>>> print(open('data.txt').read())   # compact mmCIF, C-alpha atoms
# COMPACT_ATOMS: atom_id res chain seq x y z
CA MET A 27 33.09 -16.24 -14.21
CA ALA A 28 31.05 -13.02 -14.07
CA GLY A 29 27.94 -15.12 -13.51
CA ILE A 30 29.50 -16.89 -10.52
CA VAL A 31 30.65 -13.57 -9.00
CA TRP A 32 27.15 -12.16 -9.51
CA LEU A 33 25.51 -15.19 -7.88
CA LEU A 34 27.95 -14.99 -4.95
CA PHE A 35 27.18 -11.27 -4.52
CA LEU A 36 23.44 -12.00 -4.68
CA SER A 37 23.74 -14.78 -2.09
CA ILE A 38 25.70 -12.54 0.30
CA VAL A 39 23.14 -9.71 0.10
CA VAL A 40 20.17 -12.10 0.48
CA GLY A 41 21.89 -13.93 3.36
CA ALA A 42 22.74 -10.66 5.16
CA THR A 43 19.14 -9.46 4.75
CA VAL A 44 17.76 -12.71 6.21
CA VAL A 45 20.18 -12.54 9.16
CA ALA A 46 19.36 -8.86 9.84
CA TRP A 47 15.61 -9.52 9.55
CA THR A 48 15.80 -12.50 11.92
CA ALA A 49 17.85 -10.49 14.43
CA ILE A 50 15.41 -7.57 14.37
CA ARG A 51 12.32 -9.79 14.61
CA ALA A 52 13.85 -11.90 17.44
CA HIS A 53 13.44 -8.95 19.83
CA ARG A 54 9.74 -8.60 19.08
CA SER A 55 7.19 -10.58 21.03
CA PRO A 56 5.14 -12.88 18.78
CA ARG A 57 1.80 -11.41 17.76
CA ARG A 58 -1.38 -13.37 18.34
CA PHE A 59 -4.76 -12.65 16.81
CA PRO A 60 -8.19 -14.03 17.75
CA PRO A 61 -9.35 -17.32 16.26
CA GLY A 62 -11.10 -16.74 12.95
CA ALA A 63 -8.64 -14.11 11.70
CA SER A 64 -6.01 -16.63 10.63
CA SER A 65 -7.54 -17.34 7.19
CA ALA A 66 -7.15 -13.68 6.13
CA LEU A 67 -3.56 -13.53 7.41
CA ARG A 68 -2.60 -16.84 5.83
CA SER A 69 -4.22 -15.84 2.53
CA ALA A 70 -2.37 -12.50 2.51
CA GLY A 71 0.97 -14.17 3.25
CA THR A 72 0.45 -16.87 0.63
CA ARG A 73 -0.48 -14.31 -2.05
CA GLY A 74 2.65 -12.32 -1.18
CA LEU A 75 4.83 -15.42 -1.52
CA ILE A 76 3.15 -16.28 -4.85
CA ALA A 77 3.81 -12.71 -6.07
CA CYS A 78 7.51 -13.01 -5.12
CA GLY A 79 7.75 -16.46 -6.74
CA ALA A 80 5.96 -15.31 -9.90
CA SER A 81 8.28 -12.29 -10.17
CA LEU A 82 11.33 -14.52 -9.84
CA ALA A 83 9.98 -17.07 -12.35
CA ALA A 84 9.16 -14.29 -14.83
CA LEU A 85 12.64 -12.79 -14.35
CA ILE A 86 14.30 -16.13 -15.08
CA GLY A 87 12.07 -16.56 -18.15
CA LEU A 88 12.86 -13.09 -19.48
CA LEU A 89 16.60 -13.57 -18.86
CA ALA A 90 16.43 -16.89 -20.73
CA TRP A 91 14.68 -15.08 -23.60
CA ALA A 92 17.45 -12.44 -23.57
CA ALA A 93 20.08 -15.17 -23.71
CA VAL A 94 18.44 -16.74 -26.79
CA ASP A 95 17.40 -13.57 -28.65
CA THR A 96 20.84 -11.99 -28.99
CA ALA A 97 19.61 -9.29 -31.38
CA ASN A 98 17.35 -7.77 -28.72
CA GLN A 99 19.46 -8.84 -25.75
CA PRO A 100 20.29 -5.39 -24.25
CA LEU A 101 16.68 -4.20 -24.38
CA ALA A 102 15.36 -7.53 -23.07
CA LEU A 103 17.82 -7.36 -20.16
CA ALA A 104 16.80 -3.76 -19.42
CA LEU A 105 13.07 -4.55 -19.46
CA ALA A 106 13.29 -7.83 -17.50
CA PRO A 107 13.08 -6.38 -13.91
CA LEU A 108 10.11 -4.07 -14.59
CA LEU A 109 8.16 -6.67 -16.55
CA SER A 110 8.83 -9.50 -14.09
CA VAL A 111 7.67 -7.58 -11.00
CA SER A 112 4.63 -6.30 -12.94
CA ILE A 113 3.73 -9.94 -13.65
CA GLY A 114 4.28 -10.88 -9.98
CA ILE A 115 2.14 -7.99 -8.71
CA GLY A 116 -0.49 -8.80 -11.35
CA CYS A 117 -0.67 -12.35 -9.97
CA TYR A 118 -1.21 -10.88 -6.49
CA THR A 119 -4.13 -8.78 -7.75
CA LEU A 120 -5.76 -11.71 -9.54
CA LEU A 121 -5.75 -13.98 -6.47
CA ARG A 122 -8.91 -13.70 -4.39
CA PRO A 123 -8.35 -12.52 -0.80
CA ALA A 124 -9.98 -14.27 2.18
CA THR A 125 -12.41 -12.05 4.09
CA GLY A 126 -13.69 -14.48 6.72
CA THR A 127 -16.95 -16.36 6.83
CA LEU A 128 -20.09 -14.97 8.41
CA ASP A 129 -23.42 -16.44 9.42
CA GLU A 130 -26.37 -14.58 7.84
CA ALA A 131 -27.85 -13.83 11.29
CA GLN A 132 -24.55 -12.80 12.89
CA PRO A 133 -24.03 -9.08 13.71
CA ARG A 134 -21.21 -7.48 11.71
CA SER A 135 -19.05 -4.49 12.59
CA ALA A 136 -17.22 -1.95 10.48
CA SER A 137 -14.79 0.88 11.08
CA LEU A 138 -15.77 4.44 10.14
CA ALA A 139 -12.27 5.24 8.90
CA GLN A 140 -11.81 5.77 5.17
CA ARG A 141 -9.38 3.27 3.61
CA THR A 142 -7.27 4.66 0.79
CA TRP A 143 -4.92 2.80 -1.51
CA TRP A 144 -1.96 5.06 -0.77
CA ALA A 145 -2.20 4.89 3.03
CA GLN A 146 -2.09 1.10 3.49
CA ALA A 147 1.67 0.50 3.30
CA PRO A 148 4.13 2.03 5.81
CA ARG A 149 4.93 5.61 4.81
CA PRO A 150 8.74 5.14 4.43
CA VAL A 151 8.18 2.26 1.97
CA MET A 152 5.72 4.33 -0.09
CA VAL A 153 8.07 7.33 -0.08
CA ALA A 154 10.94 5.10 -1.26
CA LEU A 155 8.70 3.58 -3.95
CA VAL A 156 7.47 6.89 -5.36
CA GLY A 157 11.02 8.27 -5.08
CA SER A 158 12.38 5.35 -7.11
CA TRP A 159 9.73 5.93 -9.80
CA LEU A 160 10.51 9.64 -10.03
CA ALA A 161 14.26 9.02 -10.02
CA THR A 162 13.92 6.43 -12.81
CA ILE A 163 11.78 8.77 -14.93
CA ALA A 164 14.18 11.69 -14.36
CA THR A 165 17.24 9.56 -15.21
CA LEU A 166 15.66 8.19 -18.39
CA VAL A 167 14.57 11.67 -19.55
CA ILE A 168 17.99 13.21 -18.78
CA THR A 169 19.89 10.41 -20.53
CA GLY A 170 17.48 10.66 -23.46
CA LEU A 171 18.07 14.38 -23.79
CA THR A 172 21.85 14.11 -23.47
CA THR A 173 22.37 11.22 -25.87
CA THR A 174 24.20 11.58 -29.20
CA MET A 175 24.32 9.13 -32.10
CA ASP A 176 27.72 7.96 -33.32
CA GLU A 177 28.49 7.31 -36.98
CA PHE A 178 27.00 3.78 -36.70
CA GLY A 179 23.74 5.10 -35.21
CA ASN A 180 24.49 3.81 -31.70
CA PRO A 181 23.58 6.02 -28.69
CA VAL A 182 26.69 7.46 -27.03
CA PHE A 183 27.51 10.18 -24.53
CA GLN A 184 29.59 13.08 -25.83
CA ALA A 185 31.83 14.98 -23.42
CA GLU A 186 32.27 18.70 -23.91
CA SER A 187 35.25 20.42 -22.38
CA LEU A 188 35.20 24.13 -21.59
CA THR A 189 39.01 24.15 -21.46
CA TYR A 190 39.48 22.44 -24.82
CA PRO A 191 36.37 23.22 -26.95
CA GLN A 192 37.90 21.53 -29.98
CA LEU A 193 38.24 18.24 -28.09
CA VAL A 194 35.39 15.75 -28.67
CA SER A 195 35.27 12.60 -26.61
CA THR A 196 32.43 10.08 -26.79
CA SER A 197 31.64 6.92 -24.84
CA GLY A 198 28.96 4.30 -25.16
CA PRO A 199 26.71 2.46 -24.80
CA TYR A 200 24.46 5.16 -23.35
CA PRO A 201 20.76 4.78 -22.47
CA GLY A 202 19.19 7.03 -25.10
CA TRP A 203 15.53 7.21 -26.16
CA GLY A 204 15.84 3.78 -27.81
CA TYR A 205 15.98 2.31 -24.29
CA GLY A 206 14.26 5.18 -22.50
CA VAL A 207 10.89 4.97 -24.27
CA PRO A 208 10.38 1.18 -23.77
CA LEU A 209 11.59 1.49 -20.17
CA LEU A 210 9.20 4.38 -19.49
CA ALA A 211 6.35 2.32 -20.96
CA ALA A 212 7.33 -0.67 -18.78
CA LEU A 213 7.53 1.61 -15.73
CA GLY A 214 4.02 2.86 -16.56
CA LEU A 215 2.89 -0.78 -16.58
CA LEU A 216 4.49 -1.34 -13.16
CA ILE A 217 2.85 1.81 -11.72
CA ALA A 218 -0.54 0.66 -13.02
CA ALA A 219 -0.04 -2.88 -11.64
CA THR A 220 0.99 -1.50 -8.24
CA TRP A 221 -1.97 0.88 -8.13
CA LEU A 222 -4.39 -1.94 -8.97
CA ALA A 223 -2.91 -4.22 -6.29
CA LEU A 224 -3.02 -1.51 -3.60
CA ARG A 225 -6.58 -0.65 -4.60
CA ARG A 226 -7.49 -4.33 -4.33
CA ILE A 227 -6.07 -4.39 -0.79
CA SER A 228 -7.93 -1.25 0.34
CA SER A 229 -11.25 -2.19 -1.31
CA THR A 230 -11.38 -5.74 0.07
CA ALA A 231 -14.16 -6.09 2.65
CA ALA A 232 -12.98 -5.98 6.27
CA LEU A 233 -13.12 -8.97 8.58
CA PRO A 234 -16.68 -8.76 9.88
CA ALA A 235 -16.23 -8.47 13.66
CA ALA A 236 -14.89 -5.73 15.92
CA GLU A 237 -12.51 -8.21 17.59
CA PHE A 238 -10.77 -8.74 14.21
CA ALA A 239 -9.97 -5.04 13.66
CA ARG A 240 -6.29 -5.47 14.59
CA ALA A 241 -5.89 -8.56 12.42
CA ASP A 242 -7.62 -6.78 9.54
CA ALA A 243 -5.22 -3.84 9.79
CA ALA A 244 -2.27 -6.27 10.06
CA TRP A 245 -3.01 -8.18 6.85
CA ARG A 246 -3.67 -4.98 4.91
CA ARG A 247 -0.49 -3.29 6.12
CA GLY A 248 1.59 -6.43 5.53
CA SER A 249 0.18 -7.03 2.04
CA ALA A 250 0.56 -3.41 0.93
CA GLU A 251 4.14 -3.47 2.22
CA VAL A 252 4.88 -6.64 0.24
CA VAL A 253 3.42 -5.18 -2.98
CA ALA A 254 5.29 -1.89 -2.51
CA LEU A 255 8.58 -3.70 -1.76
CA ILE A 256 8.27 -5.90 -4.87
CA ALA A 257 7.54 -2.80 -6.99
CA LEU A 258 10.46 -1.00 -5.34
CA ALA A 259 12.76 -3.90 -6.25
CA GLY A 260 11.70 -3.68 -9.91
CA ALA A 261 12.10 0.08 -10.20
CA GLY A 262 15.30 0.06 -8.13
CA SER A 263 17.03 -2.59 -10.24
CA THR A 264 16.07 -0.78 -13.45
CA LEU A 265 17.38 2.48 -12.01
CA SER A 266 20.55 0.64 -10.97
CA GLY A 267 21.12 -0.64 -14.51
CA VAL A 268 20.46 2.74 -16.14
CA LEU A 269 22.73 4.52 -13.66
CA ALA A 270 25.52 1.97 -14.13
CA VAL A 271 25.52 2.37 -17.94
CA THR A 272 25.24 6.18 -17.58
CA GLY A 273 28.09 6.34 -15.06
CA LEU A 274 30.35 4.20 -17.24
CA ALA A 275 29.61 6.35 -20.33
CA VAL A 276 30.02 9.71 -18.57
CA GLY A 277 33.17 8.58 -16.71
CA GLY A 278 34.61 7.10 -19.92
CA ALA A 279 33.92 10.20 -22.04
CA TYR A 280 35.40 12.60 -19.51
CA ARG A 281 38.42 10.48 -18.53
CA GLY A 282 41.47 12.65 -19.29
CA VAL A 283 39.23 15.60 -20.25
CA ASP A 284 37.64 16.80 -17.01
CA SER A 285 38.49 15.11 -13.71
CA GLN A 286 35.41 16.50 -11.91
CA TRP A 287 32.99 15.02 -14.46
CA ALA A 288 34.97 11.76 -14.45
CA ALA A 289 34.50 11.66 -10.65
CA ILE A 290 30.75 12.29 -11.13
CA GLY A 291 30.68 9.28 -13.46
CA THR A 292 32.28 7.16 -10.73
CA ALA A 293 29.77 8.50 -8.16
CA VAL A 294 26.89 7.54 -10.47
CA ILE A 295 28.30 3.99 -10.70
CA ALA A 296 28.50 3.86 -6.88
CA LEU A 297 24.86 5.01 -6.71
CA ALA A 298 23.94 2.25 -9.16
CA VAL A 299 25.54 -0.35 -6.85
CA VAL A 300 23.59 1.07 -3.88
CA CYS A 301 20.31 0.89 -5.87
CA GLY A 302 21.12 -2.69 -6.94
CA ILE A 303 21.78 -3.80 -3.36
CA GLY A 304 18.63 -1.96 -2.23
CA SER A 305 16.57 -3.87 -4.82
CA ILE A 306 17.83 -7.26 -3.64
CA ILE A 307 17.15 -6.28 -0.01
CA SER A 308 13.69 -5.04 -1.02
CA VAL A 309 12.53 -8.24 -2.72
CA THR A 310 14.07 -10.43 0.01
CA THR A 311 12.24 -8.39 2.66
CA ALA A 312 8.98 -8.79 0.69
CA ALA A 313 9.35 -12.57 0.78
CA LEU A 314 10.26 -12.54 4.50
CA ARG A 315 7.29 -10.28 5.31
CA SER A 316 4.93 -12.63 3.42
CA ARG A 317 6.33 -15.61 5.27
CA GLU A 318 5.85 -13.74 8.55
CA LEU A 319 2.14 -13.22 7.77
CA VAL A 320 1.75 -16.97 7.23
CA SER A 321 3.58 -17.76 10.48
CA ILE A 322 1.40 -15.27 12.42
CA ALA A 323 -1.64 -17.07 10.97
CA VAL A 324 -0.28 -20.41 12.19
CA GLY A 325 0.21 -18.86 15.65
CA SER A 326 -3.40 -17.59 15.68
CA PRO A 327 -5.55 -20.71 15.81
CA GLU A 328 -8.79 -21.26 13.94
CA PRO A 329 -11.94 -21.42 16.12
CA SER A 330 -12.42 -24.87 17.56
CA PRO A 331 -15.63 -26.64 16.47
CA ALA A 332 -18.44 -26.39 19.04
CA MET B 24 -16.89 1.04 14.89
CA ILE B 25 -20.57 0.53 14.12
CA THR B 26 -22.50 -2.75 14.21
CA LEU B 27 -25.29 -3.98 11.99
CA ASP B 28 -27.49 -6.58 13.67
CA PRO B 29 -29.79 -8.50 11.29
CA ASN B 30 -31.71 -9.93 14.27
CA ILE B 31 -33.33 -6.68 15.42
CA ALA B 32 -36.46 -5.15 13.90
CA THR B 33 -34.92 -1.74 13.05
CA ALA B 34 -34.12 -1.35 9.34
CA PRO B 35 -30.40 -1.72 8.48
CA SER B 36 -30.18 1.84 7.09
CA ALA B 37 -31.75 3.22 10.29
CA GLN B 38 -29.27 1.24 12.41
CA ILE B 39 -26.35 2.72 10.46
CA GLN B 40 -27.78 6.24 10.52
CA THR B 41 -28.56 6.15 14.28
CA GLN B 42 -25.11 4.91 15.27
CA ILE B 43 -23.29 7.45 13.10
CA SER B 44 -25.58 10.23 14.41
CA ASP B 45 -24.77 9.24 17.99
CA LEU B 46 -21.03 9.23 17.25
CA ILE B 47 -21.22 12.68 15.64
CA ARG B 48 -23.39 14.16 18.43
CA SER B 49 -21.16 12.72 21.14
CA GLY B 50 -18.14 14.31 19.46
CA GLU B 51 -16.41 10.96 18.79
CA LEU B 52 -16.49 11.77 15.07
CA ALA B 53 -14.86 15.18 14.84
CA PRO B 54 -15.94 17.89 12.39
CA GLY B 55 -14.25 17.29 9.04
CA HIS B 56 -13.91 13.53 9.64
CA ARG B 57 -14.34 11.74 6.33
CA LEU B 58 -16.77 8.83 6.50
CA PRO B 59 -15.87 5.71 4.50
CA ALA B 60 -17.05 5.50 0.91
CA ILE B 61 -20.48 3.94 0.48
CA ARG B 62 -19.03 0.89 -1.26
CA GLN B 63 -16.44 0.34 1.49
CA LEU B 64 -18.93 0.52 4.38
CA ALA B 65 -21.46 -1.61 2.49
CA ALA B 66 -18.84 -4.28 1.78
CA ASP B 67 -17.58 -4.27 5.38
CA LEU B 68 -21.12 -4.58 6.79
CA ARG B 69 -22.09 -7.16 4.13
CA THR B 70 -25.08 -5.08 3.07
CA ALA B 71 -26.25 -3.41 -0.14
CA PRO B 72 -24.65 -0.07 -1.14
CA GLY B 73 -28.17 1.39 -1.37
CA THR B 74 -28.66 0.75 2.38
CA VAL B 75 -25.58 2.82 3.27
CA ALA B 76 -26.48 5.48 0.68
CA LYS B 77 -29.92 5.84 2.32
CA ALA B 78 -28.31 6.24 5.76
CA TYR B 79 -25.87 8.84 4.44
CA SER B 80 -28.61 10.85 2.72
CA THR B 81 -30.64 10.90 5.97
CA LEU B 82 -27.56 12.14 7.85
CA GLU B 83 -27.12 14.85 5.22
CA ALA B 84 -30.80 15.82 5.45
CA ASN B 85 -30.40 16.10 9.24
CA GLY B 86 -27.49 18.50 8.77
CA LEU B 87 -24.88 16.19 10.31
CA VAL B 88 -22.73 15.55 7.23
CA GLU B 89 -22.13 17.04 3.81
CA SER B 90 -21.40 15.04 0.71
CA SER B 91 -19.55 16.06 -2.41
CA ARG B 92 -18.04 14.08 -5.24
CA ALA B 93 -14.56 15.50 -4.65
CA ARG B 94 -14.40 15.56 -0.84
CA GLY B 95 -16.56 12.54 -0.03
CA THR B 96 -18.90 12.54 2.98
CA ARG B 97 -17.61 14.65 5.87
CA VAL B 98 -18.91 15.46 9.35
CA LEU B 99 -20.15 19.05 9.65
CA ALA B 100 -19.05 21.37 12.44
CA GLY B 101 -21.54 22.31 15.17
CA ALA B 102 -23.34 18.99 15.16
CA ALA B 103 -21.97 17.72 18.49
CA HIS B 104 -23.96 18.18 21.70
CA HIS B 105 -22.86 20.90 24.09
CA GLY B 106 -20.20 19.74 26.54
CA ALA B 107 -22.55 20.28 29.50
CA VAL B 108 -25.11 17.91 27.96
CA LEU B 109 -22.45 15.26 27.33
CA ALA B 110 -21.13 15.60 30.89
CA ALA B 111 -24.66 15.42 32.39
CA SER B 112 -25.54 12.36 30.32
CA GLN B 113 -22.30 10.66 31.44
CA ASP B 114 -23.16 11.42 35.08
CA PHE B 115 -26.68 10.05 34.55
CA VAL B 116 -25.36 6.82 32.98
CA THR B 117 -22.89 6.35 35.86
CA THR B 118 -25.68 6.81 38.42
CA ALA B 119 -28.11 4.56 36.51
CA ARG B 120 -25.51 1.78 36.20
CA ALA B 121 -24.61 2.07 39.88
CA ARG B 122 -28.31 1.55 40.70
CA GLY B 123 -28.43 -1.52 38.46
CA LEU B 124 -30.61 0.00 35.72
CA GLY B 125 -30.58 -1.40 32.19
CA LEU B 126 -30.59 0.76 29.04
CA ASP B 127 -34.37 0.54 28.56
CA GLU B 128 -35.06 1.46 32.20
CA ALA B 129 -32.61 4.37 32.02
CA LEU B 130 -34.20 5.61 28.79
CA GLY B 131 -37.61 5.27 30.46
CA ALA B 132 -36.43 7.56 33.28
CA ILE B 133 -35.20 10.07 30.70
CA ARG B 134 -38.49 9.95 28.79
CA ARG B 135 -40.44 10.52 32.01
CA ALA B 136 -38.24 13.45 33.05
CA TRP B 137 -38.48 14.85 29.51
CA ALA B 138 -42.29 14.67 29.56
CA GLU B 139 -42.44 16.35 32.99
CA GLY B 140 -40.09 19.07 31.76
CA ALA B 141 -42.29 19.71 28.72
CA ALA B 142 -45.41 19.88 30.90
CA THR B 143 -44.05 22.56 33.27
>>> encode(input="data.txt", output="C-alpha cells")
Amino acid sequence: MAGIVWLLFLSIVVGATVVAWTAIRAHRSPRRFPPGASSALRSAGTRGLIACGASLAALIGLLAWAAVDTANQPLALALAPLLSVSIGIGCYTLLRPATGTLDEAQPRSASLAQRTWWAQAPRPVMVALVGSWLATIATLVITGLTTTMDEFGNPVFQAESLTYPQLVSTSGPYPGWGYGVPLLAALGLLIAATWLALRRISSTAALPAAEFARADAAWRRGSAEVVALIALAGAGSTLSGVLAVTGLAVGGAYRGVDSQWAAIGTAVIALAVVCGIGSIISVTTAALRSRELVSIAVGSPEPSPA
Amino acid sequence: MITLDPNIATAPSAQIQTQISDLIRSGELAPGHRLPAIRQLAADLRTAPGTVAKAYSTLEANGLVESSRARGTRVLAGAAHHGAVLAASQDFVTTARARGLGLDEALGAIRRAWAEGAAT
C-alpha cells in the first residue's frame, strides 16, 4: 500500500513538473542555430538523457539489492540516491562529446574568454547544488554528534528537558555516525563525479567557427545544467531522507516533554518533504532539459551536401 | 574572437599573437582580462599547445600581458592606444572605406604618411 501511495505521489510531482515546464517553454520562441551545430547539441542532449536513464537504472538496481539484502537494507536505501546519480554522472563523463568536423585548410575561430567548470551552469542551479551539499554535510555531522546508543547498540536521539532534568526520553532510529560516515563518503564520490563532468564540459574544444559561438554556449550551459540538476536530485533526496528520520526521532523524543522541540521535529519533517519534492522536480527537469537540447538540434538542420 | 587561418603564410603563433595584441591595443580586451588557458585556446583553434604558449610568451615579452601560475595570463594596464589615436584611426578607416580602398591600400597610405613623418 505504501508503495502504491509513493508511486502515486511520484507520478503527481513528475506530471506537475512536465506540465509546468511545457507551459513555461510554450511562451518562448523556438531557438534555431546554424547548420553544422546540430551534432554538438544532439550529442549533449543524448548524453544528458543517458545520464538520467543510467541514474534511474542504478537506483532501481540498488533498491532491488536493498530489498534482497535485508541485513544491510537501511544503509543500502540511504546510499542508493547518492550512488545512483554518481553512476549516471560518471556515464555522462565517459561519453565522448561531439565537437564538429573541420577541414584541415578551413580557418577556425576561438573566443578569448576563459571557460571555468564552475561558471558553465546557471548560477541559481549551482548555488542550490552547493547549498544542498553543505546542508547534507552539516545535517550528517550534527546528527552524528547528537546521537546516543541505546542498550542494544542502536543509534537513538535522547531528549533532555530543562524543566524535568531527571526525565530521559529517547527515540530512534537516528542517523548517527554509522550512517553518517558512509553517506559522507558517498557524497564525496558525488562531488568528485560532478566536478569531473563539469570539467569535461568546460575543457571540451569549442565548435570551430565564429558563427557557432551561440550554439557552443547553448550546449555547454544546457549540459552543465543537466549534470548539476542530477547531482542536486541525489544530494536533495539524501538530505530529505536524513531530515525525515531526524525529524521523526527528535519529534518522538520530545513529544510530551517539550512542545517547542516537538514542533521543531515536525518542521524538520516538513523540510524533508520539501527536499524530496525538490529532488523529483530536479531530476525531471534534467531529463526535460536534455530532451530540449535534442529537439533544438532537430530544429537546426545539418548543412546540405554541395 | 580570434581566427587562425592555415592558408596564409604567417606562422600560426604570429597570427594568434598579432590578433590578441590588436585587441589589447584597441582596448577591446580590458586591463585585467584573463586570457583562456593555453590548453583551452589550443584545443579551440585545433593547434598545438606549444603554438599558443609561444604567442603568449611573445605577448608577455612585449609587455602586453603577465602570466602567473595562480592568476593565469592577464592583460596589463596601460597597453591600450591613447583614445585620440583610436579615434583618428577610426576616422581614417571610415574615410578609406568611403573612397573604396582595401586594407592593403589603406595600410600603404599609412606607411607612406609614416615615412614622410619620419623624414621631416
>>> closest_residue(input="data.txt", among="A:Leu120, A:Ala236, A:Leu269, A:Ala275", to="chain B", atoms="all atoms listed in the file")
A:Ala236
>>> residues_near_point(input="data.txt", point="(33.6, 13.0, -20.1)", cutoff="9 Å", atoms="only C-alpha atoms", output="PyMOL selection string")
chain A and resi 183-187+195-197+275-285+287-288+291
>>> closest_atom_pairs(input="data.txt", of="chain A", to="chain B", cutoff="9 Å", atoms="all atoms listed in the file", output="tab-separated table")
residue	atom	partner	partner_atom	distance
A:Glu130	CA	B:Pro29	CA	7.8
A:Ala131	CA	B:Pro29	CA	5.7
A:Gln132	CA	B:Asp28	CA	6.9
A:Pro133	CA	B:Asp28	CA	4.3
A:Arg134	CA	B:Leu27	CA	5.4
A:Ser135	CA	B:Thr26	CA	4.2
A:Ala136	CA	B:Met24	CA	5.3
A:Ser137	CA	B:Met24	CA	4.4
A:Leu138	CA	B:Pro59	CA	5.8
A:Ala139	CA	B:Pro59	CA	5.7
A:Gln140	CA	B:Pro59	CA	4.1
A:Arg141	CA	B:Pro59	CA	7.0
A:Ser228	CA	B:Gln63	CA	8.7
A:Ser229	CA	B:Gln63	CA	6.4
A:Thr230	CA	B:Ala66	CA	7.8
A:Ala231	CA	B:Asp67	CA	4.7
A:Ala232	CA	B:Asp67	CA	5.0
A:Leu233	CA	B:Asp67	CA	7.2
A:Pro234	CA	B:Asp67	CA	6.4
A:Ala235	CA	B:Thr26	CA	8.5
A:Ala236	CA	B:Met24	CA	7.1
>>> axis_aligned_box(input="data.txt", around="range 66-82 of chain B", padding_each_side="3 Å", output="AutoDock Vina command-line options")
--center_x -24.1 --center_y 2.5 --center_z 3.2 --size_x 19.1 --size_y 25.3 --size_z 15.2
>>> closest_residue(input="data.txt", among="B:Thr81, B:Pro54, B:Ile61, B:Trp137", to="Thr41 in chain B", atoms="only C-alpha atoms")
B:Thr81
>>> closest_residue(input="data.txt", among="A:Ser64, A:Ser112, A:Thr125, A:Ser316", to="Val252 in chain A", atoms="all atoms listed in the file")
A:Ser316
>>> closest_residue(input="data.txt", among="B:Ala71, B:Ser49, B:Gly55, B:Ala138", to="Ser90 in chain B", atoms="all atoms listed in the file")
B:Gly55
>>> residues_around(input="data.txt", residues="Leu215 in chain A", least_positions_apart="6", cutoff="12 Å", atoms="all atoms listed in the file", output="PyMOL selection string")
chain A and resi 105+107-113+115-116+159+208-209+221-222+257+260-261
>>> write_last_selection(input="data.txt", atoms="C-alpha atoms", output="PDB file, keeping the file's coordinate frame")
ATOM      1  CA  LEU A 105      13.070  -4.550 -19.460  1.00  0.00           C
ATOM      2  CA  PRO A 107      13.080  -6.380 -13.910  1.00  0.00           C
ATOM      3  CA  LEU A 108      10.110  -4.070 -14.590  1.00  0.00           C
ATOM      4  CA  LEU A 109       8.160  -6.670 -16.550  1.00  0.00           C
ATOM      5  CA  SER A 110       8.830  -9.500 -14.090  1.00  0.00           C
ATOM      6  CA  VAL A 111       7.670  -7.580 -11.000  1.00  0.00           C
ATOM      7  CA  SER A 112       4.630  -6.300 -12.940  1.00  0.00           C
ATOM      8  CA  ILE A 113       3.730  -9.940 -13.650  1.00  0.00           C
ATOM      9  CA  ILE A 115       2.140  -7.990  -8.710  1.00  0.00           C
ATOM     10  CA  GLY A 116      -0.490  -8.800 -11.350  1.00  0.00           C
ATOM     11  CA  TRP A 159       9.730   5.930  -9.800  1.00  0.00           C
ATOM     12  CA  PRO A 208      10.380   1.180 -23.770  1.00  0.00           C
ATOM     13  CA  LEU A 209      11.590   1.490 -20.170  1.00  0.00           C
ATOM     14  CA  TRP A 221      -1.970   0.880  -8.130  1.00  0.00           C
ATOM     15  CA  LEU A 222      -4.390  -1.940  -8.970  1.00  0.00           C
ATOM     16  CA  ALA A 257       7.540  -2.800  -6.990  1.00  0.00           C
ATOM     17  CA  GLY A 260      11.700  -3.680  -9.910  1.00  0.00           C
ATOM     18  CA  ALA A 261      12.100   0.080 -10.200  1.00  0.00           C
TER      19      ALA A 261
END
>>> atom_distance(input="data.txt", atom1="CA of Tyr79 in chain B", atom2="CA of Thr33 in chain B")
16.4 Å
>>> residues_around(input="data.txt", residues="Val116 in chain B", least_positions_apart="5", cutoff="12 Å", atoms="all atoms listed in the file", output="VMD selection string")
chain B and resid 109 to 111 121 to 130 132 to 133
>>> atom_distance(input="data.txt", atom1="CA of Ile50 in chain A", atom2="CA of Val153 in chain A")
22.0 Å
>>> atom_distance(input="data.txt", atom1="CA of Leu103 in chain A", atom2="CA of Trp91 in chain A")
9.0 Å
>>> residues_around(input="data.txt", residues="Ser321 in chain A", least_positions_apart="3", cutoff="12 Å", atoms="only C-alpha atoms", output="CSV table (one decimal) with C-alpha atoms, in the frame of the given file")
chain,number,residue,atom,x,y,z
A,56,PRO,CA,5.1,-12.9,18.8
A,57,ARG,CA,1.8,-11.4,17.8
A,58,ARG,CA,-1.4,-13.4,18.3
A,59,PHE,CA,-4.8,-12.6,16.8
A,64,SER,CA,-6.0,-16.6,10.6
A,65,SER,CA,-7.5,-17.3,7.2
A,67,LEU,CA,-3.6,-13.5,7.4
A,68,ARG,CA,-2.6,-16.8,5.8
A,69,SER,CA,-4.2,-15.8,2.5
A,70,ALA,CA,-2.4,-12.5,2.5
A,71,GLY,CA,1.0,-14.2,3.2
A,72,THR,CA,0.4,-16.9,0.6
A,314,LEU,CA,10.3,-12.5,4.5
A,315,ARG,CA,7.3,-10.3,5.3
A,316,SER,CA,4.9,-12.6,3.4
A,317,ARG,CA,6.3,-15.6,5.3
A,318,GLU,CA,5.8,-13.7,8.6
A,324,VAL,CA,-0.3,-20.4,12.2
A,325,GLY,CA,0.2,-18.9,15.6
A,326,SER,CA,-3.4,-17.6,15.7
A,327,PRO,CA,-5.6,-20.7,15.8
>>> residues_around(input="data.txt", residues="Val44 in chain A", least_positions_apart="6", cutoff="12 Å", atoms="all atoms listed in the file", output="list in words")
Ser37, Ile38, Ile50, Arg51, Ala52, Ile306, Ile307, Ser308, Val309, Thr310, Thr311, Ala312, Ala313, Leu314, Arg315 and Arg317 of chain A
>>> closest_residue(input="data.txt", among="B:His105, B:Gly131, B:Gly73, B:Gln40", to="Leu87 in chain B", atoms="only C-alpha atoms")
B:Gln40
>>> closest_residue(input="data.txt", among="A:Thr96, A:Thr172, A:Ser305, A:Gln146", to="Thr264 in chain A", atoms="only C-alpha atoms")
A:Ser305
